[in-house]
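Colleague: I have a structure I would like to understand better, so I am pasting it below and will then ask my questions one at a time.
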Amino acid sequence: MTIRTEGRTVARGGATGTVTVKGLRPVDRRWFDLVPDRGTSLRLADRLIKLQGAVNFRDAGGYRTVDGHWVKMGEIYRSDALDRLTADDLAKLKRLGIRTVFDLRMQSERDKDPDRVPAGATYVVADVLAGTPTFSAMPKTPAEAEAMMVEGNRFMVSGSTARAAYTTVFEGIADERRHGVLFHCTAGKDRTGWNNAALLTALGVPEETVMADYLASNTYRAAANEAILSHLPPQQAAVYKPLLDVRPEYLNASFAEVNEEYGSFRSYLKQGLGIDARELKELERELLVG
């Protein structure tokens with residue numbers, strides 16, 4: 001195995017193990033080509049894109065599928081809100097090739113904190129919760145908060161506005177002329193989390209990997225969430241914490257809704273999002289490598 005970056009070899013090794021590379025110049029995003037002795041090379045980079053105005057902006061790809069392929073990196077991105085992006089952030093996203101931004105937020109969120117998108121990017125509203133009462137009332141107990149999150153994650157699968165919104169995003173992802181695609185909501189964890197979970201599942205990424213990607217929002221948002229909770233009275237913080245978390249039971253509720261409403265994930269793709277076998281193959285052709 002040879003590891004290359006910027007056209008030069010920086011390390012060699014076997015099929016497994018770790019390597020540390022030092023002395024590289026700073027860049028927006030460091031890409032490495034893993035070139036095996038036989039077979040197709042793999043291009044990887046850090047998943048998290050470090051920005052001043054967002055904490056949960058990351059690459060949707062870089063995961064291995066059950067049949068040994070890899071989801072391409074540098075094509076599809078997911079994020080929290082974009083309203084606090086700095087000029088430097090926007091310039092960085094332009095250099096990263098962000099060309100289409102899908103905003104999954106409600107009208108009230110978009111009015112209060114309008115997106116800042118890189119120059120030349122197409123902005124598309126894909127409102128998952130448009131006009132629905134989901135998440136409209138503040139729960140009074142932690143149990144009510146957890147139940148609200150479970151209900152919301154079920155709605156993201158079978159709710160009419162959710163299906164319309166995710167159909168719009170998947171159509172954009174399937175159109176290779178619009179890559180790189182970015183989809184986001186406010187925290188980048190629930191509406192965005194299901195979008196990415198559905199995408200990775202459609203591409204054949206195993207369930208445990210999909211769950212790990214979903215739960216990673218807890219890590220990336222840890223400091224931001226703690227800042228919110230630390231300013232609340234303990235009783236109110238206890239109620240609010242389930243709304244800030246991502247938990248296995250939330251994502252499991254979405255997959256349970258898929259099985260109950262559609263019978264299988266493949267049926268959800270076809271009946272819920274309008275993605276038939278031919279379109280799924282095209283999606284795999286565009287986004288899988290190896």
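Identifiers for the structure tokens are assigned positionally: chains receive A, B, ... in sequence, residues are indexed from 1 per chain, and ligands are indexed from 1 in the order shown.
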Please provide the set of residues having any atom within 12 Å of Ala237 of chain A, restricted to only C-alpha atoms, with same-chain residues fewer than 5 positions apart removed, written as a list in words.
Modeller: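 Skipping anything fewer than 5 positions along the chain leaves Pro139, Lys140, Thr141, Pro142, Ala145, Asn225, Glu226, Ala227, Ile228, Leu229, Ser230, His231, Leu232, Pro242, Leu243, Leu244 and Asp245 of chain A.
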Colleague: Hey, what's within 10 Å of Val19 of chain A if we count only C-alpha atoms and toss same-chain stuff fewer than 6 positions away? As number ranges by chain, please?
Modeller: A: 3, 10-13
Colleague: Could you please take those selected residues and save N, CA, C and O atoms as a compact mmCIF listing (two decimals), in the first residue's frame?
Modeller:
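out_0.txt written:
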```txt
# COMPACT_ATOMS: atom_id res chain seq x y z
N ILE A 3 0.70 5.51 0.13
CA ILE A 3 -0.15 6.65 0.47
C ILE A 3 0.45 7.89 -0.17
O ILE A 3 1.62 8.21 0.07
N VAL A 10 3.96 9.73 0.57
CA VAL A 10 4.29 10.17 1.92
C VAL A 10 4.39 9.01 2.90
O VAL A 10 4.87 9.18 4.02
N ALA A 11 3.95 7.81 2.48
CA ALA A 11 4.05 6.65 3.36
C ALA A 11 3.82 5.38 2.56
O ALA A 11 3.21 5.40 1.49
N ARG A 12 4.35 4.29 3.08
CA ARG A 12 4.12 2.96 2.51
C ARG A 12 3.81 2.00 3.65
O ARG A 12 4.24 2.22 4.78
N GLY A 13 3.08 0.95 3.35
CA GLY A 13 2.77 -0.02 4.39
C GLY A 13 1.97 -1.18 3.87
O GLY A 13 1.81 -1.35 2.65
```
Colleague: Fewer than 3 positions away in the same chain doesn't count, so skip those; otherwise give me all residues within 10 Å of segment 34-50 of chain A, counting only C-alpha atoms, as a PyMOL selection string.
Modeller: chain A and resi 1-5+9+11-15+28-31+53-63+69-70+72-74+77-79+89+92-93+96+220+289-290
Colleague: As a count of residues only, please: the residues near segment 169-183 of chain A (cut-off 8 Å, only C-alpha atoms, same-chain neighbours under 4 positions excluded).
Modeller: 22
Colleague: Given the choices A:Leu251, A:Cys185, A:Met148, A:Ala164, which gets closest to Ala197 of chain A if the distance is worked out from only C-alpha atoms?
Modeller: A:Leu251
